[in-house]
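Enquirer: Contents of entry-v4.pdb (PDB, C-alpha atoms and all ligand atoms) are below:
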```pdb
ATOM      1  CA  MET A   1       0.000   0.000   0.000  1.00  0.00           C
ATOM      2  CA  LYS A   2       1.323   3.431  -0.939  1.00  0.00           C
ATOM      3  CA  VAL A   3       0.080   6.592   0.720  1.00  0.00           C
ATOM      4  CA  HIS A   4       0.529  10.069  -0.759  1.00  0.00           C
ATOM      5  CA  ARG A   5      -0.411  12.758   1.725  1.00  0.00           C
ATOM      6  CA  ASP A   6      -0.087  16.135   0.099  1.00  0.00           C
ATOM      7  CA  GLY A   7      -2.321  19.053  -0.788  1.00  0.00           C
ATOM      8  CA  SER A   8      -1.010  19.036  -4.368  1.00  0.00           C
ATOM      9  CA  TRP A   9      -2.186  15.463  -4.966  1.00  0.00           C
ATOM     10  CA  PRO A  10      -4.603  16.207  -7.805  1.00  0.00           C
ATOM     11  CA  ILE A  11      -1.619  17.357  -9.854  1.00  0.00           C
ATOM     12  CA  GLU A  12       0.638  14.484  -8.845  1.00  0.00           C
ATOM     13  CA  ALA A  13      -2.076  11.904  -9.388  1.00  0.00           C
ATOM     14  CA  ALA A  14      -2.836  13.324 -12.837  1.00  0.00           C
ATOM     15  CA  GLU A  15       0.876  13.244 -13.729  1.00  0.00           C
ATOM     16  CA  SER A  16       1.113   9.621 -12.572  1.00  0.00           C
ATOM     17  CA  LEU A  17      -1.866   8.665 -14.681  1.00  0.00           C
ATOM     18  CA  LEU A  18      -0.449  10.445 -17.733  1.00  0.00           C
ATOM     19  CA  ALA A  19       2.850   8.577 -17.250  1.00  0.00           C
ATOM     20  CA  ARG A  20       0.980   5.256 -17.173  1.00  0.00           C
ATOM     21  CA  LEU A  21      -0.918   6.185 -20.322  1.00  0.00           C
ATOM     22  CA  ARG A  22       2.353   7.026 -22.095  1.00  0.00           C
ATOM     23  CA  GLU A  23       3.738   3.596 -21.146  1.00  0.00           C
ATOM     24  CA  ARG A  24       0.529   1.804 -21.982  1.00  0.00           C
ATOM     25  CA  PRO A  25      -1.735   3.874 -24.259  1.00  0.00           C
ATOM     26  CA  GLN A  26      -4.377   1.126 -24.485  1.00  0.00           C
ATOM     27  CA  MET A  27      -5.052   1.062 -20.752  1.00  0.00           C
ATOM     28  CA  ARG A  28      -8.492   0.013 -19.548  1.00  0.00           C
ATOM     29  CA  LEU A  29      -9.648   2.320 -16.791  1.00  0.00           C
ATOM     30  CA  CYS A  30     -12.639   2.361 -14.478  1.00  0.00           C
ATOM     31  CA  LEU A  31     -13.347   5.858 -13.137  1.00  0.00           C
ATOM     32  CA  ALA A  32     -15.412   7.174 -10.224  1.00  0.00           C
ATOM     33  CA  THR A  33     -17.159  10.496 -10.177  1.00  0.00           C
ATOM     34  CA  GLY A  34     -18.324  12.117  -6.925  1.00  0.00           C
ATOM     35  CA  SER A  35     -16.552  15.351  -6.100  1.00  0.00           C
ATOM     36  CA  THR A  36     -13.081  14.195  -5.008  1.00  0.00           C
ATOM     37  CA  PRO A  37     -11.517  13.170  -8.358  1.00  0.00           C
ATOM     38  CA  LEU A  38     -12.808  16.209 -10.247  1.00  0.00           C
ATOM     39  CA  PRO A  39      -9.669  18.361  -9.781  1.00  0.00           C
ATOM     40  CA  MET A  40      -7.581  15.464 -11.131  1.00  0.00           C
ATOM     41  CA  TYR A  41      -9.892  15.053 -14.124  1.00  0.00           C
ATOM     42  CA  SER A  42      -9.665  18.805 -14.839  1.00  0.00           C
ATOM     43  CA  ARG A  43      -5.899  18.432 -15.042  1.00  0.00           C
ATOM     44  CA  LEU A  44      -6.166  15.413 -17.315  1.00  0.00           C
ATOM     45  CA  ALA A  45      -8.617  17.271 -19.545  1.00  0.00           C
ATOM     46  CA  GLN A  46      -5.752  19.547 -20.550  1.00  0.00           C
ATOM     47  CA  HIS A  47      -4.134  16.589 -22.351  1.00  0.00           C
ATOM     48  CA  PRO A  48      -6.593  15.904 -25.147  1.00  0.00           C
ATOM     49  CA  ASP A  49      -4.521  13.173 -26.816  1.00  0.00           C
ATOM     50  CA  ALA A  50      -3.526  11.162 -23.743  1.00  0.00           C
ATOM     51  CA  PHE A  51      -6.592   8.880 -23.791  1.00  0.00           C
ATOM     52  CA  ALA A  52      -6.794   8.412 -27.577  1.00  0.00           C
ATOM     53  CA  ALA A  53      -6.173   4.646 -27.360  1.00  0.00           C
ATOM     54  CA  ALA A  54      -7.557   4.084 -23.843  1.00  0.00           C
ATOM     55  CA  SER A  55     -10.866   2.558 -22.765  1.00  0.00           C
ATOM     56  CA  VAL A  56     -12.870   4.042 -19.918  1.00  0.00           C
ATOM     57  CA  LEU A  57     -15.652   2.432 -17.896  1.00  0.00           C
ATOM     58  CA  LEU A  58     -17.833   4.542 -15.640  1.00  0.00           C
ATOM     59  CA  LEU A  59     -17.795   3.063 -12.118  1.00  0.00           C
ATOM     60  CA  ASP A  60     -21.429   3.549 -11.190  1.00  0.00           C
ATOM     61  CA  GLU A  61     -24.661   5.415 -11.837  1.00  0.00           C
ATOM     62  CA  PHE A  62     -27.624   6.574  -9.771  1.00  0.00           C
ATOM     63  CA  GLY A  63     -31.014   5.093 -10.614  1.00  0.00           C
ATOM     64  CA  GLY A  64     -34.232   6.884 -11.440  1.00  0.00           C
ATOM     65  CA  LEU A  65     -32.726  10.087 -12.802  1.00  0.00           C
ATOM     66  CA  PRO A  66     -34.291  12.134 -15.590  1.00  0.00           C
ATOM     67  CA  ALA A  67     -32.328  11.647 -18.831  1.00  0.00           C
ATOM     68  CA  ASP A  68     -31.121  15.255 -18.773  1.00  0.00           C
ATOM     69  CA  GLU A  69     -29.961  15.284 -15.115  1.00  0.00           C
ATOM     70  CA  PRO A  70     -26.664  17.213 -15.154  1.00  0.00           C
ATOM     71  CA  ALA A  71     -25.317  15.600 -11.963  1.00  0.00           C
ATOM     72  CA  SER A  72     -25.644  11.988 -13.107  1.00  0.00           C
ATOM     73  CA  CYS A  73     -22.303  10.179 -12.917  1.00  0.00           C
ATOM     74  CA  ASP A  74     -22.273   9.897 -16.708  1.00  0.00           C
ATOM     75  CA  ALA A  75     -23.022  13.573 -17.364  1.00  0.00           C
ATOM     76  CA  THR A  76     -20.408  14.574 -14.790  1.00  0.00           C
ATOM     77  CA  LEU A  77     -17.615  12.401 -16.191  1.00  0.00           C
ATOM     78  CA  ARG A  78     -18.441  13.448 -19.756  1.00  0.00           C
ATOM     79  CA  ARG A  79     -18.378  17.134 -18.811  1.00  0.00           C
ATOM     80  CA  VAL A  80     -15.107  17.085 -16.861  1.00  0.00           C
ATOM     81  CA  LEU A  81     -13.086  14.513 -18.813  1.00  0.00           C
ATOM     82  CA  ILE A  82     -14.576  12.395 -21.594  1.00  0.00           C
ATOM     83  CA  HIS A  83     -15.713  15.302 -23.742  1.00  0.00           C
ATOM     84  CA  HIS A  84     -12.171  16.739 -23.626  1.00  0.00           C
ATOM     85  CA  VAL A  85     -10.046  13.614 -24.106  1.00  0.00           C
ATOM     86  CA  ARG A  86     -12.315  11.412 -26.266  1.00  0.00           C
ATOM     87  CA  PRO A  87     -11.033   7.942 -25.325  1.00  0.00           C
ATOM     88  CA  ALA A  88     -11.149   5.160 -27.924  1.00  0.00           C
ATOM     89  CA  ASP A  89     -13.975   3.569 -25.920  1.00  0.00           C
ATOM     90  CA  TYR A  90     -16.195   5.028 -23.221  1.00  0.00           C
ATOM     91  CA  ARG A  91     -18.737   2.785 -21.465  1.00  0.00           C
ATOM     92  CA  ALA A  92     -21.348   4.483 -19.267  1.00  0.00           C
ATOM     93  CA  ILE A  93     -23.829   2.504 -17.137  1.00  0.00           C
ATOM     94  CA  ALA A  94     -27.518   2.600 -17.993  1.00  0.00           C
ATOM     95  CA  THR A  95     -29.902   2.007 -15.108  1.00  0.00           C
ATOM     96  CA  ASP A  96     -33.117   1.556 -17.041  1.00  0.00           C
ATOM     97  CA  HIS A  97     -32.761  -1.997 -18.355  1.00  0.00           C
ATOM     98  CA  LEU A  98     -32.370  -5.251 -16.504  1.00  0.00           C
ATOM     99  CA  GLY A  99     -29.652  -6.686 -18.757  1.00  0.00           C
ATOM    100  CA  GLU A 100     -27.230  -3.834 -18.084  1.00  0.00           C
ATOM    101  CA  PRO A 101     -25.238  -5.399 -15.200  1.00  0.00           C
ATOM    102  CA  ALA A 102     -24.433  -8.465 -17.329  1.00  0.00           C
ATOM    103  CA  ALA A 103     -23.483  -6.215 -20.268  1.00  0.00           C
ATOM    104  CA  VAL A 104     -21.089  -4.228 -18.049  1.00  0.00           C
ATOM    105  CA  ASP A 105     -19.568  -7.489 -16.800  1.00  0.00           C
ATOM    106  CA  ALA A 106     -19.056  -8.547 -20.426  1.00  0.00           C
ATOM    107  CA  TRP A 107     -17.242  -5.250 -21.085  1.00  0.00           C
ATOM    108  CA  ILE A 108     -14.975  -5.924 -18.075  1.00  0.00           C
ATOM    109  CA  ASP A 109     -14.380  -9.536 -19.135  1.00  0.00           C
ATOM    110  CA  ALA A 110     -13.172  -8.421 -22.578  1.00  0.00           C
ATOM    111  CA  GLY A 111      -9.877  -7.432 -20.919  1.00  0.00           C
ATOM    112  CA  ARG A 112      -8.632  -6.817 -17.405  1.00  0.00           C
ATOM    113  CA  LEU A 113      -9.145  -3.428 -15.759  1.00  0.00           C
ATOM    114  CA  ASP A 114      -5.651  -1.961 -15.509  1.00  0.00           C
ATOM    115  CA  LEU A 115      -6.478   0.859 -13.134  1.00  0.00           C
ATOM    116  CA  VAL A 116      -9.509   1.712 -11.026  1.00  0.00           C
ATOM    117  CA  VAL A 117      -9.806   5.254  -9.652  1.00  0.00           C
ATOM    118  CA  LEU A 118     -12.116   5.437  -6.629  1.00  0.00           C
ATOM    119  CA  GLY A 119     -13.392   7.830  -4.011  1.00  0.00           C
ATOM    120  CA  ILE A 120     -14.567   6.597  -0.620  1.00  0.00           C
ATOM    121  CA  GLY A 121     -17.838   7.133   1.218  1.00  0.00           C
ATOM    122  CA  VAL A 122     -17.898   8.084   4.896  1.00  0.00           C
ATOM    123  CA  ASN A 123     -19.240   4.554   5.519  1.00  0.00           C
ATOM    124  CA  GLY A 124     -16.358   3.006   3.568  1.00  0.00           C
ATOM    125  CA  HIS A 125     -18.284   2.355   0.377  1.00  0.00           C
ATOM    126  CA  LEU A 126     -16.420   1.899  -2.895  1.00  0.00           C
ATOM    127  CA  GLY A 127     -18.470   2.797  -5.924  1.00  0.00           C
ATOM    128  CA  MET A 128     -21.973   2.059  -4.627  1.00  0.00           C
ATOM    129  CA  ASN A 129     -20.828  -1.095  -2.834  1.00  0.00           C
ATOM    130  CA  GLU A 130     -22.195  -0.336   0.597  1.00  0.00           C
ATOM    131  CA  PRO A 131     -21.134  -2.076   3.852  1.00  0.00           C
ATOM    132  CA  GLY A 132     -21.932  -5.791   3.620  1.00  0.00           C
ATOM    133  CA  ALA A 133     -21.553  -5.959  -0.176  1.00  0.00           C
ATOM    134  CA  PRO A 134     -19.967  -9.268  -1.217  1.00  0.00           C
ATOM    135  CA  ALA A 135     -16.217  -9.183  -1.796  1.00  0.00           C
ATOM    136  CA  GLU A 136     -16.661 -11.231  -4.977  1.00  0.00           C
ATOM    137  CA  GLY A 137     -19.630  -9.218  -6.225  1.00  0.00           C
ATOM    138  CA  ARG A 138     -19.992  -8.181  -9.835  1.00  0.00           C
ATOM    139  CA  THR A 139     -21.987  -5.390 -11.448  1.00  0.00           C
ATOM    140  CA  ALA A 140     -25.397  -5.121  -9.808  1.00  0.00           C
ATOM    141  CA  ARG A 141     -28.326  -2.941  -8.955  1.00  0.00           C
ATOM    142  CA  VAL A 142     -27.915  -1.913  -5.305  1.00  0.00           C
ATOM    143  CA  ASP A 143     -29.790   0.036  -2.652  1.00  0.00           C
ATOM    144  CA  LEU A 144     -28.005   3.003  -1.113  1.00  0.00           C
ATOM    145  CA  GLU A 145     -27.538   3.569   2.624  1.00  0.00           C
ATOM    146  CA  PRO A 146     -29.163   6.645   4.199  1.00  0.00           C
ATOM    147  CA  THR A 147     -25.764   8.389   4.574  1.00  0.00           C
ATOM    148  CA  THR A 148     -25.116   7.865   0.859  1.00  0.00           C
ATOM    149  CA  ILE A 149     -28.584   9.149  -0.104  1.00  0.00           C
ATOM    150  CA  GLU A 150     -28.065  12.241   2.054  1.00  0.00           C
ATOM    151  CA  GLY A 151     -24.488  12.732   0.842  1.00  0.00           C
ATOM    152  CA  ALA A 152     -25.601  12.628  -2.795  1.00  0.00           C
ATOM    153  CA  GLN A 153     -27.737  15.710  -2.202  1.00  0.00           C
ATOM    154  CA  ARG A 154     -24.474  17.672  -2.579  1.00  0.00           C
ATOM    155  CA  TYR A 155     -24.599  16.750  -6.260  1.00  0.00           C
ATOM    156  CA  PHE A 156     -28.344  16.959  -6.925  1.00  0.00           C
ATOM    157  CA  GLU A 157     -29.203  20.062  -4.886  1.00  0.00           C
ATOM    158  CA  GLY A 158     -32.697  18.779  -4.120  1.00  0.00           C
ATOM    159  CA  ARG A 159     -33.742  18.135  -7.745  1.00  0.00           C
ATOM    160  CA  VAL A 160     -33.871  14.347  -7.254  1.00  0.00           C
ATOM    161  CA  ARG A 161     -33.222  11.945  -4.369  1.00  0.00           C
ATOM    162  CA  PRO A 162     -31.832   8.683  -5.731  1.00  0.00           C
ATOM    163  CA  THR A 163     -32.105   5.690  -3.386  1.00  0.00           C
ATOM    164  CA  TRP A 164     -30.458   3.070  -5.610  1.00  0.00           C
ATOM    165  CA  GLY A 165     -27.905   2.695  -8.349  1.00  0.00           C
ATOM    166  CA  VAL A 166     -25.929   0.283 -10.510  1.00  0.00           C
ATOM    167  CA  THR A 167     -22.283  -0.255  -9.626  1.00  0.00           C
ATOM    168  CA  VAL A 168     -19.314  -2.303 -10.710  1.00  0.00           C
ATOM    169  CA  GLY A 169     -18.886  -4.886  -7.936  1.00  0.00           C
ATOM    170  CA  LEU A 170     -16.118  -5.313  -5.404  1.00  0.00           C
ATOM    171  CA  GLY A 171     -14.928  -8.494  -7.121  1.00  0.00           C
ATOM    172  CA  ASP A 172     -13.878  -6.597 -10.235  1.00  0.00           C
ATOM    173  CA  LEU A 173     -12.498  -3.625  -8.311  1.00  0.00           C
ATOM    174  CA  LEU A 174     -10.322  -5.960  -6.212  1.00  0.00           C
ATOM    175  CA  ALA A 175      -9.195  -7.837  -9.356  1.00  0.00           C
ATOM    176  CA  ALA A 176      -7.958  -4.699 -11.138  1.00  0.00           C
ATOM    177  CA  GLY A 177      -4.237  -4.396 -11.800  1.00  0.00           C
ATOM    178  CA  GLU A 178      -3.974  -1.250  -9.732  1.00  0.00           C
ATOM    179  CA  VAL A 179      -6.391   0.603  -7.453  1.00  0.00           C
ATOM    180  CA  TRP A 180      -6.282   4.261  -6.465  1.00  0.00           C
ATOM    181  CA  VAL A 181      -8.452   5.755  -3.738  1.00  0.00           C
ATOM    182  CA  LEU A 182      -8.736   9.525  -3.545  1.00  0.00           C
ATOM    183  CA  ALA A 183      -9.916  11.118  -0.302  1.00  0.00           C
ATOM    184  CA  ALA A 184      -9.901  14.702   0.883  1.00  0.00           C
ATOM    185  CA  GLY A 185     -11.294  16.668   3.812  1.00  0.00           C
ATOM    186  CA  GLU A 186     -11.979  16.144   7.517  1.00  0.00           C
ATOM    187  CA  SER A 187     -15.059  14.031   6.920  1.00  0.00           C
ATOM    188  CA  LYS A 188     -12.938  11.218   5.457  1.00  0.00           C
ATOM    189  CA  VAL A 189     -10.242  11.067   8.178  1.00  0.00           C
ATOM    190  CA  ASP A 190     -11.956   8.446  10.316  1.00  0.00           C
ATOM    191  CA  ILE A 191     -12.982   6.129   7.489  1.00  0.00           C
ATOM    192  CA  VAL A 192      -9.556   6.297   5.807  1.00  0.00           C
ATOM    193  CA  ARG A 193      -7.993   5.289   9.120  1.00  0.00           C
ATOM    194  CA  ARG A 194     -10.458   2.433   9.635  1.00  0.00           C
ATOM    195  CA  SER A 195      -9.956   1.260   6.047  1.00  0.00           C
ATOM    196  CA  THR A 196      -6.191   1.241   6.171  1.00  0.00           C
ATOM    197  CA  GLU A 197      -5.496   0.355   9.825  1.00  0.00           C
ATOM    198  CA  GLY A 198      -8.602  -1.529  10.992  1.00  0.00           C
ATOM    199  CA  PRO A 199      -9.533  -5.138  10.243  1.00  0.00           C
ATOM    200  CA  ALA A 200     -10.262  -6.094   6.619  1.00  0.00           C
ATOM    201  CA  THR A 201     -13.989  -6.773   6.631  1.00  0.00           C
ATOM    202  CA  THR A 202     -16.957  -6.496   4.288  1.00  0.00           C
ATOM    203  CA  ALA A 203     -18.490  -4.204   6.947  1.00  0.00           C
ATOM    204  CA  VAL A 204     -15.995  -1.590   5.651  1.00  0.00           C
ATOM    205  CA  PRO A 205     -15.717  -2.261   1.912  1.00  0.00           C
ATOM    206  CA  ALA A 206     -12.594  -0.104   1.471  1.00  0.00           C
ATOM    207  CA  SER A 207     -10.764  -2.161   4.105  1.00  0.00           C
ATOM    208  CA  LEU A 208     -10.835  -5.122   1.679  1.00  0.00           C
ATOM    209  CA  LEU A 209      -8.229  -3.226  -0.354  1.00  0.00           C
ATOM    210  CA  GLN A 210      -5.715  -4.325   2.288  1.00  0.00           C
ATOM    211  CA  HIS A 211      -5.667  -7.638   0.383  1.00  0.00           C
ATOM    212  CA  HIS A 212      -4.845  -5.954  -2.947  1.00  0.00           C
ATOM    213  CA  PRO A 213      -1.164  -5.942  -3.968  1.00  0.00           C
ATOM    214  CA  ASP A 214      -1.111  -2.508  -5.651  1.00  0.00           C
ATOM    215  CA  VAL A 215      -3.216   0.143  -3.936  1.00  0.00           C
ATOM    216  CA  THR A 216      -2.392   3.829  -3.702  1.00  0.00           C
ATOM    217  CA  TRP A 217      -4.227   6.151  -1.328  1.00  0.00           C
ATOM    218  CA  TRP A 218      -4.102   9.764  -2.497  1.00  0.00           C
ATOM    219  CA  LEU A 219      -4.930  11.939   0.532  1.00  0.00           C
ATOM    220  CA  ASP A 220      -4.851  15.617   1.301  1.00  0.00           C
ATOM    221  CA  ARG A 221      -3.149  16.702   4.517  1.00  0.00           C
TER     222      ARG A 221
HETATM  223  C1  LIG A 301     -18.808   8.008  -7.228  1.00  0.00           C
HETATM  224  C2  LIG A 301     -18.732   6.909  -6.253  1.00  0.00           C
HETATM  225  C3  LIG A 301     -18.766   7.134  -4.773  1.00  0.00           C
HETATM  226  C4  LIG A 301     -17.894   8.311  -4.346  1.00  0.00           C
HETATM  227  C5  LIG A 301     -17.917   8.482  -2.845  1.00  0.00           C
HETATM  228  C6  LIG A 301     -17.175   9.735  -2.407  1.00  0.00           C
HETATM  229  O1  LIG A 301     -18.748   7.501  -8.530  1.00  0.00           O
HETATM  230  O2  LIG A 301     -18.652   5.796  -6.664  1.00  0.00           O
HETATM  231  O3  LIG A 301     -18.340   5.955  -4.145  1.00  0.00           O
HETATM  232  O4  LIG A 301     -16.591   8.086  -4.792  1.00  0.00           O
HETATM  233  O5  LIG A 301     -19.233   8.562  -2.386  1.00  0.00           O
HETATM  234  O6  LIG A 301     -17.798  10.854  -2.949  1.00  0.00           O
HETATM  235  P1  LIG A 301     -17.119  12.288  -2.885  1.00  0.00           P
HETATM  236  O7  LIG A 301     -15.872  12.234  -3.674  1.00  0.00           O
HETATM  237  O8  LIG A 301     -18.132  13.218  -3.513  1.00  0.00           O
HETATM  238  O9  LIG A 301     -16.878  12.564  -1.433  1.00  0.00           O
END
```
Hey, can you dump this file as structure tokens for me?
Ligand code: F6R
Expert:
Amino acid sequence: MKVHRDGSWPIEAAESLLARLRERPQMRLCLATGSTPLPMYSRLAQHPDAFAAASVLLLDEFGGLPADEPASCDATLRRVLIHHVRPADYRAIATDHLGEPAAVDAWIDAGRLDLVVLGIGVNGHLGMNEPGAPAEGRTARVDLEPTTIEGAQRYFEGRVRPTWGVTVGLGDLLAAGEVWVLAAGESKVDIVRRSTEGPATTAVPASLLQHHPDVTWWLDR
């Protein structure tokens, strides 16, 4: 486990990702939205050619949103990154048809995920894999915990109140070649400590990363 603890991490993390893309232009990435990675994506957006051969999978999506909701995970990632860098392949997650989880799994199975970029919920969730989610789980429709529903109001500003979503499962996140977790702010101090120093348990999904051989935590001070 590597830990970067530095206020300039969005820049460093973006530089690290660009270096990986130079080494391996056809990388397959799975990317979170939420608010924490956005400064890193803004940096990456200044390199319009870096993702030309890369494939990007959206990590998760809220259910029950109007098609034009600007704070959906898809709309957010498109606005901050995808629209600027135009990867060779971009796979969003639809929430309105039952076959979607299997179709996302098929996308993942077409080649290993090289790098997963995650945020972390105050309850330790990764993607929308809430406490108790199975460590081997694959893409699935999931119900959100009350803290996650409340927390998401930061994005939706009262327009909608999603209570479920579709997320890539812990099994595929833990099987990725490399995993990054980005966390910033006081509210994440306790859960980052529990995830990195507490027991590895499905009760704290992020703690399962202790079993992964190549995890980097990008933290602010
Ligand atoms: C977003 C996601 C969530 C967030 C987490 C932290 O795609 O999967 O797990 O990463 O809720 O959100 P922020 O960064 O807004 O604190």
Enquirer: Expanded to explicit residues, what is the PyMOL selection byres (((chain A and resi 63) around 6) and not hetatm) for this file, as a PyMOL selection string?
Expert: chain A and resi 62+64-65+95+164-165
Enquirer: When the cut-off is 7 Å and you count all atoms listed in the file, which residues lie near ligand LIG 301 (chain A), shown as a ChimeraX atom specification?
Expert: /A:32-37,59-60,73,118-121,125-128,148,183
Enquirer: Once you add 5 Å to each side, what are the centre and edge lengths of the axis-aligned box holding all listed atoms of segment 137-154 of chain A? One decimal in Å, as AutoDock Vina command-line options, if you can.
Expert:
```
--center_x -24.7 --center_y 4.2 --center_z -3.4 --size_x 20.2 --size_y 36.9 --size_z 26.0
```
Enquirer: What residues have an atom no more than 9 Å from (-11.9, 15.0, -22.5) in the file's own frame, counting all atoms listed in the file, and can you write them as a VMD selection string?
Expert: chain A and resid 41 to 42 44 to 49 51 77 to 87
Enquirer: So that I can see what lies close to segment 157-163 of chain A, please list as a ChimeraX atom specification the residues with an atom at most 10 Å from it, counting all atoms listed in the file and leaving out residues fewer than 2 positions away in the same chain.
Expert: /A:61-66,69,71,142-146,148-150,152-155,165
Enquirer: One number please: atom CA of His212 of chain A to atom CA of Val179 of chain A, in Å, one decimal.
Expert: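 It comes out at 8.1 Å.
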Enquirer: Scan for residues within 6 Å of the point (-8.5, -0.3, -17.7) in the coordinates of the file, using only C-alpha atoms, and reply as a list in words.
Expert: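 Residues close enough to count: Met27, Arg28, Leu29, Cys30, Leu113, Asp114 and Leu115 of chain A.
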Enquirer: Report, in Å with one decimal, the straight-line distance from atom CA of Trp217 of chain A to atom CA of Val181 of chain A.
Expert: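 Between atom CA of Trp217 of chain A and atom CA of Val181 of chain A the gap is 4.9 Å.
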Enquirer: So which residues touch Asn129 of chain A within 9 Å, counting all atoms listed in the file, skipping near sequence neighbours fewer than 3 positions away, as a list in words?
Expert: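 Contacts, in chain order: Gly124, His125, Leu126, Gly132, Ala133, Pro134, Gly137, Val142, Leu144, Thr167, Val168, Gly169, Leu170 and Pro205 of chain A.
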Enquirer: Tell me which protein, DNA and RNA residues are within 8 Å of Gly7 of chain A, counting only C-alpha atoms, leaving out same-chain ones fewer than 5 positions away, and put them as a list in words.
Expert: Leu219, Asp220 and Arg221 of chain A
Enquirer: So what do you get for atom CA of Ala75 of chain A versus atom CA of Ile108 of chain A, distance-wise?
Expert: 21.1 Å
Enquirer: Got a sec to resolve the PyMOL selection byres (((chain A and resi 215) around 10) and not hetatm) on this structure and send the residues as a list in words?
Expert: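 So the PyMOL selection byres (((chain A and resi 215) around 10) and not hetatm) ends up selecting Met1, Lys2, Val3, Leu115, Val116, Leu174, Ala176, Gly177, Glu178, Val179, Trp180, Val181, Leu209, Gln210, His211, His212, Pro213, Asp214, Thr216, Trp217 and Trp218 of chain A.
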Enquirer: Considering all atoms listed in the file, state which residue in the set A:Ala175, A:Val104, A:Ala140, A:Ala135 is at the smallest distance from Ala200 of chain A.
Expert: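 Among the listed residues, the smallest separation from Ala200 of chain A belongs to A:Ala135.
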